[in-house]
>>> print(open('start_16.cif').read())   # mmCIF, C-alpha atoms
data_start
#
loop_
_atom_site.label_atom_id
_atom_site.label_comp_id
_atom_site.auth_asym_id
_atom_site.auth_seq_id
_atom_site.Cartn_x
_atom_site.Cartn_y
_atom_site.Cartn_z
CA GLY A 197 -67.35 -72.93 13.96
CA ILE A 198 -69.91 -74.01 16.57
CA LEU A 199 -72.04 -75.62 13.86
CA CYS A 200 -69.05 -77.57 12.54
CA PHE A 201 -68.25 -78.74 16.09
CA LYS A 202 -71.82 -79.97 16.62
CA LYS A 203 -71.90 -81.82 13.29
CA LEU A 204 -68.58 -83.55 13.99
CA ALA A 205 -69.72 -84.52 17.50
CA GLU A 206 -72.93 -86.05 16.14
CA ARG A 207 -71.02 -88.42 13.83
CA LYS A 208 -69.12 -90.56 16.28
CA SER A 209 -68.79 -93.40 13.76
CA LEU A 210 -66.93 -91.15 11.30
CA PHE A 211 -64.90 -88.81 13.48
CA ALA A 212 -62.96 -88.86 16.70
CA GLU A 213 -64.12 -86.55 19.47
CA PRO A 214 -63.86 -82.99 18.09
CA LEU A 215 -61.84 -80.27 19.77
CA GLY A 216 -62.60 -76.57 19.73
CA LEU A 217 -60.07 -73.75 19.89
CA VAL A 218 -61.08 -70.64 21.86
CA LYS A 219 -59.34 -67.52 23.10
CA SER A 220 -61.79 -66.11 25.64
CA ASP A 221 -63.88 -67.39 28.55
CA LYS A 222 -66.99 -66.22 26.68
CA ALA A 223 -66.11 -68.40 23.69
CA ALA A 224 -65.42 -71.35 26.00
CA LYS A 225 -68.86 -70.98 27.59
CA THR A 226 -70.47 -70.91 24.14
CA LEU A 227 -68.63 -74.09 23.18
CA LYS A 228 -69.73 -75.79 26.40
CA LYS A 229 -73.33 -74.92 25.60
CA ALA A 230 -72.78 -76.75 22.30
CA GLY A 231 -71.89 -79.88 24.28
CA ALA A 232 -68.11 -79.61 24.66
CA SER A 233 -66.41 -80.96 27.75
CA ASP A 234 -63.43 -79.22 29.37
CA ALA A 235 -61.16 -81.77 27.68
CA GLN A 236 -62.52 -80.77 24.27
CA ILE A 237 -61.71 -77.09 24.68
CA LEU A 238 -58.27 -75.87 23.64
CA ARG A 239 -57.18 -72.34 24.51
CA GLY A 240 -54.89 -70.33 22.28
CA ASP A 241 -54.32 -67.14 20.36
CA ILE A 242 -54.07 -67.17 16.57
CA ARG A 243 -51.28 -64.58 16.87
CA ASP A 244 -48.97 -67.14 18.54
CA ALA A 245 -48.06 -70.16 16.39
CA ASP A 246 -45.86 -71.82 19.02
CA ALA A 247 -48.58 -71.65 21.67
CA LEU A 248 -51.17 -72.97 19.23
CA ALA A 249 -48.95 -75.87 18.24
CA ALA A 250 -48.21 -76.62 21.91
CA CYS A 251 -51.90 -76.90 22.81
CA MET A 252 -52.49 -79.17 19.80
CA LYS A 253 -49.53 -81.51 20.30
CA GLY A 254 -50.31 -84.80 21.91
CA LYS A 255 -53.90 -84.63 20.73
CA ARG A 256 -55.36 -86.80 17.99
CA ILE A 257 -55.96 -84.12 15.38
CA ASP A 258 -56.25 -85.20 11.77
CA ALA A 259 -57.55 -81.90 10.35
CA LEU A 260 -58.32 -78.29 11.16
CA ILE A 261 -61.51 -76.49 10.16
CA ILE A 262 -60.63 -72.79 10.27
CA CYS A 263 -63.54 -70.36 10.59
CA THR A 264 -61.73 -67.33 12.05
CA SER A 265 -62.57 -63.96 10.54
CA ALA A 266 -62.20 -60.29 11.40
CA VAL A 267 -65.53 -58.92 12.63
CA PRO A 268 -66.31 -55.20 12.25
CA LYS A 269 -68.18 -53.17 14.84
CA ILE A 270 -70.49 -50.31 14.00
CA ARG A 271 -69.43 -46.77 14.87
CA PHE A 272 -72.10 -45.46 17.22
CA PHE A 273 -71.88 -41.86 16.05
CA SER A 274 -72.41 -42.88 12.44
CA ILE A 275 -75.88 -44.14 13.47
CA VAL A 276 -76.54 -40.83 15.21
CA LYS A 277 -75.63 -38.96 12.02
CA ILE A 278 -77.98 -41.14 9.97
CA LEU A 279 -80.87 -40.58 12.38
CA ILE A 280 -80.31 -36.80 12.36
CA LYS A 281 -80.25 -36.72 8.56
CA LYS A 282 -83.45 -38.74 8.39
CA LEU A 283 -85.04 -36.41 10.93
CA PHE A 284 -84.35 -33.47 8.64
CA ARG A 285 -85.25 -35.54 5.55
CA ARG A 286 -81.77 -35.39 4.11
CA PRO A 287 -80.10 -38.23 2.16
CA ALA A 288 -78.53 -40.63 4.64
CA SER A 289 -75.28 -42.49 4.04
CA ARG A 290 -74.44 -46.02 5.13
CA PRO A 291 -73.37 -46.74 8.71
CA GLU A 292 -69.63 -46.66 9.36
CA PHE A 293 -67.71 -49.60 10.79
CA LYS A 294 -64.36 -50.19 12.43
CA PHE A 295 -62.35 -53.23 13.44
CA PRO A 296 -61.24 -53.63 17.07
CA PRO A 297 -57.58 -53.42 18.14
CA ASN A 298 -55.68 -56.57 17.10
CA GLY A 299 -58.73 -57.57 15.06
CA THR A 300 -58.21 -56.06 11.62
CA PRO A 301 -58.46 -58.24 8.50
CA GLU A 302 -54.70 -57.98 8.04
CA GLU A 303 -54.10 -59.31 11.56
CA VAL A 304 -56.85 -61.96 11.62
CA ASP A 305 -57.53 -63.09 8.06
CA TYR A 306 -53.94 -62.96 6.85
CA TYR A 307 -51.41 -63.14 9.67
CA GLY A 308 -53.82 -65.12 11.87
CA LEU A 309 -54.22 -67.67 9.10
CA LEU A 310 -50.45 -67.85 8.56
CA THR A 311 -50.07 -68.59 12.26
CA GLN A 312 -52.64 -71.39 12.11
CA ILE A 313 -50.94 -72.87 9.05
CA GLU A 314 -47.60 -72.84 10.86
CA ALA A 315 -49.15 -74.36 13.98
CA ALA A 316 -50.69 -77.15 11.89
CA LYS A 317 -47.27 -77.93 10.44
CA GLN A 318 -45.62 -77.93 13.86
CA ALA A 319 -48.33 -80.25 15.24
CA ASN A 320 -48.15 -82.53 12.16
CA ILE A 321 -51.77 -81.86 11.18
CA PRO A 322 -51.93 -82.63 7.45
CA ARG A 323 -55.34 -81.29 6.45
CA VAL A 324 -57.02 -77.86 6.59
CA VAL A 325 -60.54 -76.80 5.62
CA LEU A 326 -60.79 -73.01 5.45
CA VAL A 327 -64.01 -71.01 5.43
CA SER A 328 -63.34 -67.77 3.56
CA SER A 329 -65.71 -65.65 1.46
CA MET A 330 -66.81 -64.96 -2.08
CA GLY A 331 -65.83 -61.63 -3.62
CA GLY A 332 -62.06 -62.04 -3.39
CA THR A 333 -61.51 -61.32 -7.10
CA ASP A 334 -62.99 -57.81 -6.85
CA PRO A 335 -60.95 -55.12 -5.06
CA ASN A 336 -63.93 -52.76 -5.39
CA ASN A 337 -66.32 -55.01 -3.45
CA PHE A 338 -68.12 -52.98 -0.79
CA LEU A 339 -66.84 -55.25 1.99
CA ASN A 340 -63.30 -54.06 1.23
CA THR A 341 -64.28 -50.51 2.22
CA ILE A 342 -65.32 -51.45 5.77
CA GLY A 343 -62.89 -50.17 8.38
CA VAL A 344 -60.50 -48.51 5.93
CA GLN A 345 -58.41 -45.76 7.54
CA PRO A 346 -57.30 -42.53 5.80
CA ASP A 347 -53.92 -44.15 4.98
CA GLY A 348 -55.66 -47.11 3.30
CA THR A 349 -54.95 -49.64 6.07
CA GLY A 350 -57.41 -51.35 8.39
CA GLY A 351 -59.91 -52.78 5.91
CA GLN A 352 -59.81 -54.67 2.58
CA ILE A 353 -61.06 -57.83 4.24
CA LEU A 354 -61.67 -59.83 1.06
CA MET A 355 -58.23 -58.97 -0.30
CA TRP A 356 -56.55 -60.07 2.94
CA LYS A 357 -58.60 -63.27 2.94
CA ARG A 358 -57.49 -64.02 -0.61
CA LYS A 359 -53.86 -63.35 0.27
CA GLY A 360 -54.18 -65.81 3.14
CA GLU A 361 -55.81 -68.40 0.87
CA LYS A 362 -52.86 -68.19 -1.49
CA ALA A 363 -50.54 -68.89 1.43
CA LEU A 364 -52.54 -71.99 2.35
CA VAL A 365 -52.45 -73.25 -1.24
CA ALA A 366 -48.67 -72.82 -1.27
CA SER A 367 -48.16 -74.34 2.21
CA GLY A 368 -47.92 -77.97 1.17
CA LEU A 369 -50.85 -78.92 3.42
CA ASP A 370 -53.84 -80.77 2.03
CA TYR A 371 -56.54 -78.10 1.82
CA THR A 372 -60.12 -77.25 0.94
CA ILE A 373 -61.10 -73.58 0.68
CA VAL A 374 -64.81 -72.75 0.81
CA HIS A 375 -66.09 -69.34 -0.35
CA PRO A 376 -69.68 -69.08 0.86
CA GLY A 377 -72.04 -66.36 -0.29
CA GLY A 378 -74.08 -64.28 2.14
CA LEU A 379 -74.69 -66.25 5.33
CA LEU A 380 -78.26 -66.92 6.45
CA ASP A 381 -79.41 -67.85 9.95
CA GLN A 382 -81.87 -70.38 8.58
CA PRO A 383 -82.15 -74.19 8.84
CA GLY A 384 -79.79 -76.25 6.73
CA GLY A 385 -80.47 -79.42 4.80
CA LYS A 386 -83.44 -78.01 2.92
CA ARG A 387 -81.91 -76.66 -0.28
CA THR A 388 -80.04 -77.46 -3.46
CA LEU A 389 -76.41 -76.38 -3.05
CA VAL A 390 -74.41 -74.95 -5.94
CA ILE A 391 -70.64 -74.58 -6.28
CA GLY A 392 -68.64 -72.51 -8.75
CA VAL A 393 -65.36 -70.66 -9.16
CA ASP A 394 -63.94 -67.15 -9.53
CA ASP A 395 -66.98 -65.30 -8.12
CA GLU A 396 -69.16 -66.19 -11.10
CA LEU A 397 -72.00 -67.09 -8.72
CA LEU A 398 -72.16 -63.45 -7.61
CA LYS A 399 -73.87 -62.72 -10.93
CA ARG A 400 -76.87 -64.77 -9.85
CA GLU A 401 -79.94 -63.25 -8.26
CA THR A 402 -79.71 -65.63 -5.30
CA ARG A 403 -76.20 -65.84 -3.85
CA SER A 404 -76.64 -66.70 -0.18
CA ILE A 405 -76.57 -69.88 1.89
CA PRO A 406 -77.55 -71.00 5.41
CA ARG A 407 -74.66 -71.22 7.87
CA ALA A 408 -75.67 -74.80 8.67
CA ASP A 409 -75.19 -75.80 5.03
CA VAL A 410 -71.71 -74.23 4.99
CA ALA A 411 -70.85 -76.24 8.11
CA GLU A 412 -72.15 -79.42 6.46
CA VAL A 413 -69.97 -78.83 3.40
CA CYS A 414 -66.92 -78.31 5.64
CA VAL A 415 -67.56 -81.59 7.45
CA GLN A 416 -68.22 -83.46 4.19
CA ALA A 417 -64.98 -82.04 2.78
CA LEU A 418 -63.10 -84.07 5.39
CA VAL A 419 -64.38 -87.37 3.97
CA CYS A 420 -64.96 -86.65 0.26
CA GLU A 421 -62.00 -87.10 -2.06
CA GLY A 422 -63.50 -84.64 -4.50
CA ALA A 423 -63.00 -81.79 -2.05
CA ARG A 424 -59.26 -82.24 -1.65
CA SER A 425 -56.74 -79.65 -2.85
CA ARG A 426 -59.29 -77.26 -4.27
CA ALA A 427 -61.11 -73.98 -3.68
CA PHE A 428 -64.67 -73.25 -4.69
CA ASP A 429 -67.55 -70.80 -4.22
CA LEU A 430 -70.73 -72.00 -2.52
CA ILE A 431 -74.34 -70.82 -2.53
CA SER A 432 -77.78 -72.39 -2.30
CA GLU A 433 -81.00 -72.13 -4.21
CA THR A 434 -84.00 -70.84 -2.30
CA PRO A 435 -86.14 -73.63 -0.79
CA GLU A 436 -88.93 -73.02 -3.29
CA ASN A 437 -86.48 -73.14 -6.21
CA SER A 438 -84.56 -76.19 -4.99
CA PRO A 439 -85.30 -79.18 -7.25
CA GLU A 440 -83.90 -81.49 -4.59
CA VAL A 441 -82.06 -81.25 -1.29
CA THR A 442 -78.33 -81.83 -1.69
CA THR A 443 -77.32 -85.03 0.08
CA ASP A 444 -74.71 -86.49 -2.30
CA PHE A 445 -71.68 -84.35 -1.58
CA GLU A 446 -69.25 -86.24 -3.81
CA ALA A 447 -71.64 -85.41 -6.66
CA LEU A 448 -71.75 -81.77 -5.51
CA PHE A 449 -67.96 -81.49 -5.54
CA ALA A 450 -67.82 -83.24 -8.93
CA SER A 451 -70.38 -80.84 -10.42
CA GLU A 452 -67.70 -78.16 -10.86
CA THR A 453 -64.60 -79.34 -12.72
CA ARG A 454 -62.87 -76.00 -13.25
CA VAL A 455 -59.95 -74.97 -11.04
CA TYR A 456 -60.28 -71.79 -8.98
CA ASP A 457 -57.95 -69.24 -10.58
CA TYR A 458 -55.74 -67.47 -8.06
CA GLY A 459 -53.96 -65.87 -10.99
CA LYS A 460 -56.81 -63.36 -11.18
CA ASP A 461 -55.00 -60.92 -8.94
CA PRO A 462 -57.04 -58.08 -7.40
CA GLY A 463 -53.80 -56.42 -6.29
CA GLU A 464 -52.10 -56.10 -2.91
CA PRO A 465 -54.00 -54.79 0.12
CA VAL A 466 -52.43 -51.88 2.00
CA ALA A 467 -50.40 -53.25 4.91
CA ALA A 468 -50.24 -51.63 8.33
CA PHE A 469 -47.76 -54.32 9.42
CA PRO A 470 -45.48 -55.04 6.45
CA ASN A 471 -43.16 -57.02 8.72
CA GLY A 472 -45.93 -58.77 10.63
CA PRO A 473 -48.05 -57.62 13.60
CA PRO A 474 -46.81 -57.68 17.21
CA SER A 475 -46.83 -61.23 18.58
CA ALA A 476 -49.26 -62.30 21.28
CA ALA A 477 -46.45 -64.21 22.99
#
>>> encode(input="start_16.cif", output="C-alpha cells")
Amino acid sequence: GILCFKKLAERKSLFAEPLGLVKSDKAAKTLKKAGASDAQILRGDIRDADALAACMKGKRIDALIICTSAVPKIRFFSIVKILIKKLFRRPASRPEFKFPPNGTPEEVDYYGLLTQIEAAKQANIPRVVLVSSMGGTDPNNFLNTIGVQPDGTGGQILMWKRKGEKALVASGLDYTIVHPGGLLDQPGGKRTLVIGVDDELLKRETRSIPRADVAEVCVQALVCEGARSRAFDLISETPENSPEVTTDFEALFASETRVYDYGKDPGEPVAAFPNGPPSAA
C-alpha cells in the first residue's frame, strides 16, 4: 500500500493527491514517513462500512487500491519445539502460525473486503483495484493451513480471498484483481513481467515478483483500458532472464487474452462467522 501511495504521489500530472486509509497511529506514522500530510491520511476500520464511507465522502476519490490482508504471527512455542528437536537431532516440523483477534482471513480478506466494497458504493467511488494472491484455485495450498483451528475455522486465507474476489466481480463496480506470486523486497522496474490466469504460472520455476512491480501494475491499472473488469496472475522473470524491462503496460495487459475462470471452485472455506463478524461500530 505504501508503495502504491508513493507512486501515485510522484505522478502529479496523472493523478490527484493520493489519500491513504489507516487504522492505527503506527500506520499513520508510516504513511507520514512516505510523504503524506495530515490531510492525506484517512482513519477508519474495514469492519465498519458506514464509518469508511463517511471518511471518504466529500473527498475527490476516483478509485480505491485495496491492499488489506490478514497477516499471521508465529507461535513462539512452536519455535522452541523446533529448536529442541534440532538439539536432539530429531526431524523438525514447520513453525506454527496464528492470526490475531479480529484479524483472521475470514474477517479481513472476506468481510473486510465486503465492507470496503460497500463503502466505495456509498461514497460513489466507481473503480477498485484489489491486490489478492495466486493459489486461490487450490484448497490444498499450504497457505490455507496457516492458522487453522481444530474446528476448521481461522485459516484458509486463499479461499477467503477468492470468495471476496467473487463478491467484487459481482458488485457492479469497475474492478481489476491482481494475483501476485511470492513477494520480493527487491527493486522494481528491472524485470520482464508476466501475466496469466487460473494459477497456471505456479507451474513455473520462477513465480515471484518484487513488491514495487506489483505496486506499479496497480497504478498502471488505473490508466490502462486493458486492465478494466478483469483478474489476472502476475509474476516476473529473474533479472538475468528478463529479455527486456516491462514498460508498456497496455501491451502487458493485452498479452493475456483469456478470462480468469472463477467457475473453478475450490469449495467453501469453513466460517467462524456465518452471519458476519461483530461490527467495529
>>> atom_distance(input="start_16.cif", atom1="atom CA of Thr300 of chain A", atom2="atom CA of Ala224 of chain A")
22.2 Å
>>> resolve_selection(input="start_16.cif", expression="the PyMOL selection byres ((chain A and resi 333) around 8)", output="ChimeraX atom specification")
/A:331-332,334-335,355,394-395,460-462
>>> resolve_selection(input="start_16.cif", expression="the PyMOL selection byres ((chain A and resi 235) around 10)", output="list in words")
Glu213, Leu215, Gly216, Ala232, Ser233, Asp234, Gln236, Ile237 and Leu238 of chain A
>>> resolve_selection(input="start_16.cif", expression="the PyMOL selection byres ((chain A and resi 248-257) around 8)", output="number ranges by chain")
A: 212, 238-242, 244-247, 258-260, 312, 315-316, 318-319, 321
>>> closest_residue(input="start_16.cif", among="A:Gly422, A:Gly384, A:Gly197, A:Gly348", to="Glu464 of chain A", atoms="all atoms listed in the file")
A:Gly348
>>> atom_distance(input="start_16.cif", atom1="atom CA of Leu398 of chain A", atom2="atom CA of Ser328 of chain A")
14.9 Å
>>> atom_distance(input="start_16.cif", atom1="atom CA of Pro287 of chain A", atom2="atom CA of Arg271 of chain A")
18.7 Å
>>> closest_residue(input="start_16.cif", among="A:Thr443, A:Ser404, A:Thr311, A:Thr453", to="Gly360 of chain A", atoms="all atoms listed in the file")
A:Thr311
>>> closest_residue(input="start_16.cif", among="A:Asp381, A:Asp444, A:Asp429, A:Glu436", to="Leu199 of chain A", atoms="only C-alpha atoms")
A:Asp381
>>> residues_around(input="start_16.cif", residues="Asn298 of chain A", least_positions_apart="6", cutoff="10 Å", atoms="only C-alpha atoms", output="PyMOL selection string")
chain A and resi 243+266+304+473-474+476
>>> closest_residue(input="start_16.cif", among="A:Glu440, A:Glu401, A:Asp457, A:Asp409", to="Arg426 of chain A", atoms="only C-alpha atoms")
A:Asp457
>>> residues_around(input="start_16.cif", residues="Gly385 of chain A", least_positions_apart="4", cutoff="12 Å", atoms="all atoms listed in the file", output="PyMOL selection string")
chain A and resi 389+405-413+432-435+438+440-445
>>> closest_residue(input="start_16.cif", among="A:Arg290, A:Leu430, A:Val365, A:Tyr306", to="Phe338 of chain A", atoms="only C-alpha atoms")
A:Arg290
>>> closest_residue(input="start_16.cif", among="A:Ser289, A:Cys414, A:Ser265, A:Val390", to="Cys200 of chain A", atoms="all atoms listed in the file")
A:Cys414
>>> decode(input="start_16.cif", residues="segment 334-345 of chain A", atoms="all heavy atoms", output="PDB file, in the first residue's frame")
ATOM      1  N   ASP A 334      -6.574 -23.648  -5.505  1.00  0.00           N
ATOM      2  CA  ASP A 334      -6.125 -24.891  -4.857  1.00  0.00           C
ATOM      3  C   ASP A 334      -6.435 -24.878  -3.368  1.00  0.00           C
ATOM      4  O   ASP A 334      -5.730 -24.228  -2.588  1.00  0.00           O
ATOM      5  CB  ASP A 334      -4.621 -25.064  -5.070  1.00  0.00           C
ATOM      6  CG  ASP A 334      -4.078 -26.340  -4.440  1.00  0.00           C
ATOM      7  OD1 ASP A 334      -4.893 -27.198  -4.039  1.00  0.00           O
ATOM      8  OD2 ASP A 334      -2.844 -26.481  -4.358  1.00  0.00           O
ATOM      9  N   PRO A 335      -7.460 -25.617  -2.922  1.00  0.00           N
ATOM     10  CA  PRO A 335      -7.779 -25.638  -1.490  1.00  0.00           C
ATOM     11  C   PRO A 335      -6.688 -26.290  -0.650  1.00  0.00           C
ATOM     12  O   PRO A 335      -6.634 -26.091   0.564  1.00  0.00           O
ATOM     13  CB  PRO A 335      -9.074 -26.440  -1.434  1.00  0.00           C
ATOM     14  CG  PRO A 335      -9.058 -27.292  -2.664  1.00  0.00           C
ATOM     15  CD  PRO A 335      -8.360 -26.464  -3.709  1.00  0.00           C
ATOM     16  N   ASN A 336      -5.799 -27.055  -1.295  1.00  0.00           N
ATOM     17  CA  ASN A 336      -4.734 -27.752  -0.569  1.00  0.00           C
ATOM     18  C   ASN A 336      -3.429 -26.957  -0.518  1.00  0.00           C
ATOM     19  O   ASN A 336      -2.408 -27.474  -0.045  1.00  0.00           O
ATOM     20  CB  ASN A 336      -4.468 -29.117  -1.208  1.00  0.00           C
ATOM     21  CG  ASN A 336      -5.685 -30.023  -1.147  1.00  0.00           C
ATOM     22  OD1 ASN A 336      -6.328 -30.130  -0.104  1.00  0.00           O
ATOM     23  ND2 ASN A 336      -6.019 -30.659  -2.257  1.00  0.00           N
ATOM     24  N   ASN A 337      -3.440 -25.725  -1.008  1.00  0.00           N
ATOM     25  CA  ASN A 337      -2.249 -24.889  -0.931  1.00  0.00           C
ATOM     26  C   ASN A 337      -1.821 -24.740   0.530  1.00  0.00           C
ATOM     27  O   ASN A 337      -2.653 -24.551   1.421  1.00  0.00           O
ATOM     28  CB  ASN A 337      -2.538 -23.518  -1.539  1.00  0.00           C
ATOM     29  CG  ASN A 337      -1.301 -22.656  -1.687  1.00  0.00           C
ATOM     30  OD1 ASN A 337      -0.687 -22.237  -0.720  1.00  0.00           O
ATOM     31  ND2 ASN A 337      -0.944 -22.381  -2.932  1.00  0.00           N
ATOM     32  N   PHE A 338      -0.520 -24.803   0.775  1.00  0.00           N
ATOM     33  CA  PHE A 338      -0.013 -24.730   2.145  1.00  0.00           C
ATOM     34  C   PHE A 338      -0.507 -23.498   2.891  1.00  0.00           C
ATOM     35  O   PHE A 338      -0.775 -23.544   4.103  1.00  0.00           O
ATOM     36  CB  PHE A 338       1.524 -24.741   2.134  1.00  0.00           C
ATOM     37  CG  PHE A 338       2.139 -24.324   3.442  1.00  0.00           C
ATOM     38  CD1 PHE A 338       2.078 -25.157   4.544  1.00  0.00           C
ATOM     39  CD2 PHE A 338       2.750 -23.082   3.577  1.00  0.00           C
ATOM     40  CE1 PHE A 338       2.633 -24.758   5.764  1.00  0.00           C
ATOM     41  CE2 PHE A 338       3.302 -22.684   4.786  1.00  0.00           C
ATOM     42  CZ  PHE A 338       3.236 -23.533   5.879  1.00  0.00           C
ATOM     43  N   LEU A 339      -0.633 -22.363   2.194  1.00  0.00           N
ATOM     44  CA  LEU A 339      -1.054 -21.135   2.864  1.00  0.00           C
ATOM     45  C   LEU A 339      -2.428 -21.276   3.510  1.00  0.00           C
ATOM     46  O   LEU A 339      -2.727 -20.589   4.491  1.00  0.00           O
ATOM     47  CB  LEU A 339      -1.053 -19.967   1.881  1.00  0.00           C
ATOM     48  CG  LEU A 339       0.319 -19.543   1.339  1.00  0.00           C
ATOM     49  CD1 LEU A 339       0.159 -18.404   0.343  1.00  0.00           C
ATOM     50  CD2 LEU A 339       1.250 -19.133   2.473  1.00  0.00           C
ATOM     51  N   ASN A 340      -3.261 -22.163   2.970  1.00  0.00           N
ATOM     52  CA  ASN A 340      -4.589 -22.375   3.553  1.00  0.00           C
ATOM     53  C   ASN A 340      -4.532 -23.073   4.903  1.00  0.00           C
ATOM     54  O   ASN A 340      -5.507 -23.051   5.655  1.00  0.00           O
ATOM     55  CB  ASN A 340      -5.475 -23.167   2.596  1.00  0.00           C
ATOM     56  CG  ASN A 340      -5.975 -22.328   1.440  1.00  0.00           C
ATOM     57  OD1 ASN A 340      -6.317 -21.164   1.603  1.00  0.00           O
ATOM     58  ND2 ASN A 340      -6.005 -22.916   0.260  1.00  0.00           N
ATOM     59  N   THR A 341      -3.422 -23.706   5.218  1.00  0.00           N
ATOM     60  CA  THR A 341      -3.307 -24.422   6.501  1.00  0.00           C
ATOM     61  C   THR A 341      -2.893 -23.499   7.642  1.00  0.00           C
ATOM     62  O   THR A 341      -3.039 -23.861   8.811  1.00  0.00           O
ATOM     63  CB  THR A 341      -2.275 -25.564   6.400  1.00  0.00           C
ATOM     64  OG1 THR A 341      -0.952 -25.011   6.250  1.00  0.00           O
ATOM     65  CG2 THR A 341      -2.567 -26.461   5.207  1.00  0.00           C
ATOM     66  N   ILE A 342      -2.374 -22.330   7.330  1.00  0.00           N
ATOM     67  CA  ILE A 342      -1.874 -21.426   8.371  1.00  0.00           C
ATOM     68  C   ILE A 342      -3.037 -20.918   9.228  1.00  0.00           C
ATOM     69  O   ILE A 342      -4.026 -20.393   8.717  1.00  0.00           O
ATOM     70  CB  ILE A 342      -1.127 -20.237   7.744  1.00  0.00           C
ATOM     71  CG1 ILE A 342       0.149 -20.716   7.054  1.00  0.00           C
ATOM     72  CG2 ILE A 342      -0.800 -19.185   8.791  1.00  0.00           C
ATOM     73  CD1 ILE A 342       0.890 -19.635   6.303  1.00  0.00           C
ATOM     74  N   GLY A 343      -2.896 -21.080  10.530  1.00  0.00           N
ATOM     75  CA  GLY A 343      -3.882 -20.550  11.467  1.00  0.00           C
ATOM     76  C   GLY A 343      -5.154 -21.357  11.616  1.00  0.00           C
ATOM     77  O   GLY A 343      -6.068 -20.930  12.336  1.00  0.00           O
ATOM     78  N   VAL A 344      -5.242 -22.513  10.982  1.00  0.00           N
ATOM     79  CA  VAL A 344      -6.469 -23.312  11.062  1.00  0.00           C
ATOM     80  C   VAL A 344      -6.644 -23.872  12.469  1.00  0.00           C
ATOM     81  O   VAL A 344      -5.723 -24.449  13.041  1.00  0.00           O
ATOM     82  CB  VAL A 344      -6.459 -24.452  10.031  1.00  0.00           C
ATOM     83  CG1 VAL A 344      -7.677 -25.361  10.227  1.00  0.00           C
ATOM     84  CG2 VAL A 344      -6.462 -23.890   8.617  1.00  0.00           C
ATOM     85  N   GLN A 345      -7.840 -23.711  13.021  1.00  0.00           N
ATOM     86  CA  GLN A 345      -8.178 -24.216  14.342  1.00  0.00           C
ATOM     87  C   GLN A 345      -8.721 -25.642  14.241  1.00  0.00           C
ATOM     88  O   GLN A 345      -9.046 -26.122  13.148  1.00  0.00           O
ATOM     89  CB  GLN A 345      -9.219 -23.311  14.999  1.00  0.00           C
ATOM     90  CG  GLN A 345      -8.769 -21.865  15.136  1.00  0.00           C
ATOM     91  CD  GLN A 345      -7.521 -21.726  15.972  1.00  0.00           C
ATOM     92  OE1 GLN A 345      -7.464 -22.209  17.106  1.00  0.00           O
ATOM     93  NE2 GLN A 345      -6.489 -21.079  15.420  1.00  0.00           N
TER      94      GLN A 345
END
